[in-house]
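Structure file data_37.txt (compact mmCIF, C-alpha atoms) is printed below.
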```txt
# COMPACT_ATOMS: atom_id res chain seq x y z
CA MET I 106 101.05 2.17 21.33
CA THR I 107 102.45 3.74 24.49
CA ASP I 108 104.69 6.73 23.85
CA PHE I 109 107.40 6.14 26.46
CA ALA I 110 109.57 8.97 25.15
CA GLU I 111 106.79 11.49 25.79
CA ALA I 112 105.90 9.89 29.12
CA ALA I 113 109.49 10.29 30.33
CA HIS I 114 108.86 14.02 30.59
CA ALA I 115 105.71 13.58 32.66
CA THR I 116 105.38 12.37 36.27
CA ARG I 117 108.55 11.56 38.17
CA TYR I 118 107.94 8.68 40.52
CA GLU I 119 109.10 8.37 44.11
CA ALA I 120 108.86 4.56 44.15
CA VAL I 121 108.00 1.58 41.96
CA VAL I 122 105.93 -1.39 43.20
CA PHE I 123 105.86 -4.69 41.33
CA ASP I 124 103.60 -7.68 41.09
CA LEU I 125 106.00 -10.57 41.69
CA LEU I 126 104.88 -13.86 40.17
CA THR I 127 103.90 -12.55 36.75
CA ALA I 128 105.45 -9.10 36.27
CA LEU I 129 108.96 -10.01 37.47
CA ILE I 130 109.08 -13.81 37.38
CA ASP I 131 108.26 -16.31 34.66
CA SER I 132 106.10 -18.46 36.89
CA TRP I 133 104.17 -19.66 33.83
CA SER I 134 107.02 -21.95 32.75
CA LEU I 135 107.16 -23.75 36.10
CA TRP I 136 103.39 -24.28 36.21
CA ASN I 137 103.51 -25.61 32.64
CA ASP I 138 106.38 -27.95 33.48
CA ILE I 139 104.55 -29.41 36.47
CA ALA I 140 101.43 -29.83 34.32
CA ALA I 141 103.56 -31.42 31.56
CA SER I 142 101.98 -29.22 28.88
CA PRO I 143 101.41 -25.51 28.22
CA GLU I 144 97.70 -26.15 27.66
CA ASP I 145 97.13 -27.88 31.01
CA GLY I 146 99.41 -25.41 32.77
CA LEU I 147 97.40 -22.51 31.39
CA ALA I 148 94.08 -24.12 32.37
CA TRP I 149 95.34 -24.68 35.92
CA ARG I 150 96.79 -21.18 36.17
CA ARG I 151 93.62 -19.54 34.87
CA LYS I 152 91.53 -21.38 37.45
CA TYR I 153 94.00 -20.33 40.15
CA LEU I 154 93.75 -16.67 39.07
CA GLU I 155 89.96 -16.93 39.07
CA LEU I 156 89.90 -18.36 42.60
CA THR I 157 92.54 -16.00 43.96
CA TYR I 158 91.09 -12.80 42.58
CA GLY I 159 87.62 -13.83 43.70
CA CYS I 160 88.77 -14.87 47.18
CA GLY I 161 89.20 -11.48 48.85
CA ILE I 162 90.06 -12.37 52.46
CA TYR I 163 93.21 -14.46 52.78
CA ARG I 164 93.09 -18.19 53.04
CA ALA I 165 96.12 -20.39 52.55
CA TYR I 166 97.69 -19.76 49.17
CA GLU I 167 98.73 -23.39 48.87
CA ASP I 168 95.12 -24.48 49.41
CA ILE I 169 93.92 -22.21 46.60
CA VAL I 170 96.55 -23.61 44.24
CA ARG I 171 95.41 -27.14 45.12
CA ASP I 172 91.73 -26.24 44.73
CA ALA I 173 92.50 -24.73 41.33
CA ALA I 174 94.14 -27.94 40.15
CA LEU I 175 91.21 -30.05 41.33
CA ALA I 176 88.63 -27.66 39.88
CA ALA I 177 90.38 -27.80 36.51
CA GLY I 178 90.37 -31.61 36.60
CA PHE I 179 94.01 -32.14 37.56
CA PRO I 180 95.76 -33.87 40.52
CA GLY I 181 95.80 -31.93 43.77
CA HIS I 182 99.43 -32.89 44.40
CA TRP I 183 100.45 -30.40 41.71
CA ALA I 184 100.18 -27.75 44.45
CA ASP I 185 102.72 -29.66 46.56
CA ASP I 186 104.99 -29.98 43.53
CA LEU I 187 104.79 -26.24 42.93
CA ALA I 188 105.69 -25.44 46.53
CA ALA I 189 108.59 -27.91 46.48
CA ARG I 190 109.94 -26.44 43.25
CA GLN I 191 109.45 -22.75 44.09
CA GLY I 192 113.22 -22.34 44.14
CA GLU I 193 113.31 -23.11 40.41
CA LEU I 194 111.45 -19.92 39.52
CA LYS I 195 113.36 -17.61 37.21
CA PRO I 196 112.95 -13.88 36.65
CA TRP I 197 112.26 -12.65 33.13
CA PRO I 198 115.57 -12.22 31.28
CA GLU I 199 115.76 -8.43 31.59
CA ALA I 200 114.29 -8.23 35.11
CA GLN I 201 117.48 -8.17 37.19
CA GLY I 202 119.16 -5.51 35.06
CA VAL I 203 116.07 -3.30 35.07
CA LEU I 204 115.57 -3.72 38.82
CA ALA I 205 119.20 -2.92 39.56
CA ALA I 206 119.03 0.25 37.49
CA LEU I 207 115.71 1.39 38.97
CA GLY I 208 116.90 0.63 42.49
CA GLN I 209 119.62 3.24 42.10
CA LYS I 210 116.94 5.88 41.52
CA VAL I 211 113.95 5.03 43.74
CA PRO I 212 112.84 2.53 46.41
CA LEU I 213 111.32 -0.68 45.03
CA GLY I 214 108.46 -2.68 46.52
CA ILE I 215 106.53 -5.91 45.99
CA ALA I 216 102.82 -6.66 46.41
CA THR I 217 102.17 -10.34 45.70
CA ASN I 218 99.33 -12.83 45.99
CA CYS I 219 101.38 -15.44 47.79
CA SER I 220 102.10 -16.89 51.22
CA ARG I 221 104.96 -15.43 53.26
CA ALA I 222 107.07 -18.57 52.91
CA LEU I 223 106.68 -19.05 49.17
CA GLY I 224 106.81 -15.30 48.57
CA ALA I 225 110.19 -15.12 50.30
CA VAL I 226 111.55 -17.85 48.05
CA ALA I 227 110.24 -16.12 44.93
CA VAL I 228 111.65 -12.74 45.98
CA SER I 229 115.06 -14.34 46.56
CA ARG I 230 115.07 -15.55 42.96
CA THR I 231 115.18 -11.93 41.74
CA GLY I 232 118.50 -11.29 43.48
CA ILE I 233 117.23 -7.86 44.58
CA ASP I 234 116.86 -6.37 48.07
CA PHE I 235 113.46 -4.66 47.99
CA ALA I 236 112.59 -1.79 50.31
CA ALA I 237 109.15 -3.30 51.05
CA VAL I 238 107.53 -6.68 50.42
CA VAL I 239 103.87 -7.40 51.17
CA THR I 240 102.28 -10.80 50.56
CA ALA I 241 98.57 -11.55 50.61
CA GLU I 242 99.19 -13.36 53.88
CA ASP I 243 100.78 -10.22 55.36
CA ALA I 244 97.89 -8.01 54.24
CA GLY I 245 95.16 -10.50 55.15
CA TYR I 246 93.62 -10.10 51.70
CA TYR I 247 94.32 -11.02 48.11
CA LYS I 248 94.69 -8.50 45.34
CA PRO I 249 92.82 -6.84 43.72
CA ARG I 250 91.43 -5.88 47.12
CA PRO I 251 93.00 -2.55 48.12
CA GLU I 252 94.66 -3.77 51.33
CA PRO I 253 97.85 -5.29 49.79
CA TYR I 254 98.47 -2.20 47.67
CA ARG I 255 97.88 0.15 50.58
CA ALA I 256 100.11 -1.93 52.85
CA VAL I 257 103.11 -1.70 50.52
CA LEU I 258 102.52 2.04 50.03
CA GLU I 259 102.51 2.46 53.81
CA LYS I 260 105.75 0.50 54.14
CA LEU I 261 107.38 2.61 51.45
CA GLY I 262 105.95 5.83 52.84
CA THR I 263 105.02 7.12 49.38
CA ASP I 264 102.03 8.89 47.88
CA PRO I 265 100.08 6.57 45.55
CA LYS I 266 99.94 9.36 42.96
CA LYS I 267 103.75 9.37 42.87
CA THR I 268 104.14 5.59 42.90
CA LEU I 269 104.24 3.48 39.74
CA PHE I 270 102.74 -0.01 39.91
CA VAL I 271 104.04 -2.67 37.53
CA ALA I 272 101.24 -5.17 36.96
CA GLY I 273 101.62 -8.67 35.63
CA SER I 274 98.10 -10.09 35.86
CA ALA I 275 95.15 -8.31 34.28
CA SER I 276 93.29 -7.83 37.57
CA ASP I 277 96.22 -5.90 39.01
CA VAL I 278 95.42 -3.05 36.62
CA PRO I 279 92.07 -2.03 38.17
CA GLY I 280 93.34 -3.05 41.61
CA ALA I 281 96.33 -0.70 41.62
CA LYS I 282 94.51 2.09 39.83
CA GLY I 283 91.77 1.82 42.44
CA VAL I 284 94.12 3.05 45.16
CA GLY I 285 95.48 5.87 43.01
CA MET I 286 98.63 4.43 41.47
CA THR I 287 99.67 4.84 37.85
CA VAL I 288 99.91 1.40 36.22
CA TYR I 289 102.45 -0.07 33.82
CA TRP I 290 101.17 -3.43 32.60
CA HIS I 291 103.97 -5.85 31.77
CA ASN I 292 101.70 -7.98 29.62
CA ARG I 293 104.30 -10.53 28.60
CA ILE I 294 101.98 -13.22 27.30
CA GLY I 295 99.16 -11.13 25.88
CA LEU I 296 96.48 -11.39 28.55
CA ARG I 297 93.15 -9.67 28.01
CA PRO I 298 92.17 -6.70 30.20
CA VAL I 299 89.40 -7.08 32.78
CA ASP I 300 86.57 -4.73 33.73
CA GLY I 301 87.35 -2.47 30.78
CA VAL I 302 90.10 -0.78 32.79
CA ARG I 303 93.21 0.20 30.85
CA PRO I 304 96.67 0.95 32.26
CA GLU I 305 98.55 4.15 31.49
CA TYR I 306 101.36 2.11 29.96
CA VAL I 307 101.57 -1.37 28.47
CA ALA I 308 104.48 -3.35 27.01
CA ASP I 309 105.66 -6.94 26.65
CA SER I 310 108.99 -6.16 28.37
CA LEU I 311 110.24 -4.44 31.52
CA GLU I 312 112.87 -2.41 29.67
CA PRO I 313 110.68 0.63 28.87
CA LEU I 314 110.46 1.26 32.62
CA LEU I 315 113.97 2.69 32.37
CA ARG I 316 112.53 5.57 30.33
CA LEU I 317 109.71 6.22 32.78
CA VAL I 318 111.52 6.37 36.10
```
Can the structure in the file be given as structure tokens, please?
Amino acid sequence: MTDFAEAAHATRYEAVVFDLLTALIDSWSLWNDIAASPEDGLAWRRKYLELTYGCGIYRAYEDIVRDAALAAGFPGHWADDLAARQGELKPWPEAQGVLAALGQKVPLGIATNCSRALGAVAVSRTGIDFAAVVTAEDAGYYKPRPEPYRAVLEKLGTDPKKTLFVAGSASDVPGAKGVGMTVYWHNRIGLRPVDGVRPEYVADSLEPLLRLV
């Protein structure tokens, strides 16, 4: 178990960067609702994550979501439904309070595997004004390629060694660590790690961040 009390006396961070659609927002519930069952929603989402993280260079996010539905044996129009209902996304219950508190201490950033248009809608659902937001479309690449992480670091003007990355998806852990950031994995739903890479911190809530920053 992560010792957050001990960690609070360690590195002091100059900025915190978040994954958006898993670390800050409960996007799982919307996908499941469109799929009409948690099982089908999870199958669709897993195929989407597989395609996105294997994609590398950017191609339209909406196309990947559609391809994921078709590849998993579901209707392609689910991607259109997701885009149309993006405004229904909700942050995790503690997210806004944690973000507001952290934002009084350090600049906050976003690095998300999303299009600019849908990313802007999702960011607005947090109710927070971030110092830097980088989508996969902005960077020209999908995470866990290094370009999105480096782009948000450049916008923030911070050293990766003094920047904490809050991961949501498992592949964000090796991705963010690969550019030198310390990683806090908000593993809300119990995902399995990938590539044998472990984060410095892991929890099923965002609240312990308040003891780290």
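Near Pro212 of chain I, within 7 Å and counting only C-alpha atoms, sit Ala120, Val121, Gly208 and Ala236 of chain I, not including residues fewer than 4 positions from it in the same chain.
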## Note on the structure
Using all atoms listed in the file, the residue out of I:Asn218, I:Ser132, I:Thr240, I:Ser142 with shortest distance to Trp197 of chain I is I:Ser132
### Task
Name all residues at most 6 Å from Gly273 of chain I (count all atoms listed in the file; drop same-chain ones fewer than 2 positions away) and give them as a VMD selection string.
chain I and resid 124 127 to 128 291
#### Entry: Atom-to-atom span, atom CA of Trp290 of chain I and atom CA of Asp172 of chain I, Å
27.5 Å
### Message
Just to confirm, what's the straight-line distance from atom CA of Leu269 of chain I to atom CA of Leu125 of chain I in Å (one decimal)?
### Response
14.3 Å
### Message
With only C-alpha atoms as the counted atoms, please give the residues lying no more than 7 Å from segment 159-167 of chain I, apart from itself and same-chain residues fewer than 6 positions off, as number ranges by chain.
### Response
I: 184, 219-220, 241-242, 245-247, 250
Sorted by chain and rising residue number, which residues of segment 120-239 of chain I lie within 10 Å of segment 295-318 of chain I, and what are their closest atom pairs and distances in Å to one decimal, counting all atoms listed in the file, as a tab-separated table?
```
residue	atom	partner	partner_atom	distance
I:Ala120	CA	I:Val318	CA	8.7
I:Val121	CA	I:Val318	CA	8.3
I:Ala128	CA	I:Leu311	CA	8.2
I:Leu129	CA	I:Leu311	CA	8.3
I:Trp197	CA	I:Leu311	CA	8.6
I:Pro198	CA	I:Ser310	CA	9.4
I:Glu199	CA	I:Leu311	CA	6.8
I:Ala200	CA	I:Leu311	CA	6.6
I:Gln201	CA	I:Leu311	CA	9.9
I:Gly202	CA	I:Glu312	CA	8.8
I:Val203	CA	I:Glu312	CA	6.3
I:Leu204	CA	I:Leu311	CA	9.1
I:Ala206	CA	I:Leu315	CA	7.6
I:Leu207	CA	I:Leu315	CA	6.9
I:Lys210	CA	I:Val318	CA	7.7
I:Val211	CA	I:Val318	CA	8.1
```
If you keep C-alpha atoms, can you produce a file of those selected residues as a PDB file, in the frame of the given file?
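Below is the file out_5.pdb, written as the result:
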```pdb
ATOM      1  CA  ALA I 120     108.860   4.560  44.150  1.00  0.00           C
ATOM      2  CA  VAL I 121     108.000   1.580  41.960  1.00  0.00           C
ATOM      3  CA  ALA I 128     105.450  -9.100  36.270  1.00  0.00           C
ATOM      4  CA  LEU I 129     108.960 -10.010  37.470  1.00  0.00           C
ATOM      5  CA  TRP I 197     112.260 -12.650  33.130  1.00  0.00           C
ATOM      6  CA  PRO I 198     115.570 -12.220  31.280  1.00  0.00           C
ATOM      7  CA  GLU I 199     115.760  -8.430  31.590  1.00  0.00           C
ATOM      8  CA  ALA I 200     114.290  -8.230  35.110  1.00  0.00           C
ATOM      9  CA  GLN I 201     117.480  -8.170  37.190  1.00  0.00           C
ATOM     10  CA  GLY I 202     119.160  -5.510  35.060  1.00  0.00           C
ATOM     11  CA  VAL I 203     116.070  -3.300  35.070  1.00  0.00           C
ATOM     12  CA  LEU I 204     115.570  -3.720  38.820  1.00  0.00           C
ATOM     13  CA  ALA I 206     119.030   0.250  37.490  1.00  0.00           C
ATOM     14  CA  LEU I 207     115.710   1.390  38.970  1.00  0.00           C
ATOM     15  CA  LYS I 210     116.940   5.880  41.520  1.00  0.00           C
ATOM     16  CA  VAL I 211     113.950   5.030  43.740  1.00  0.00           C
TER      17      VAL I 211
END
```
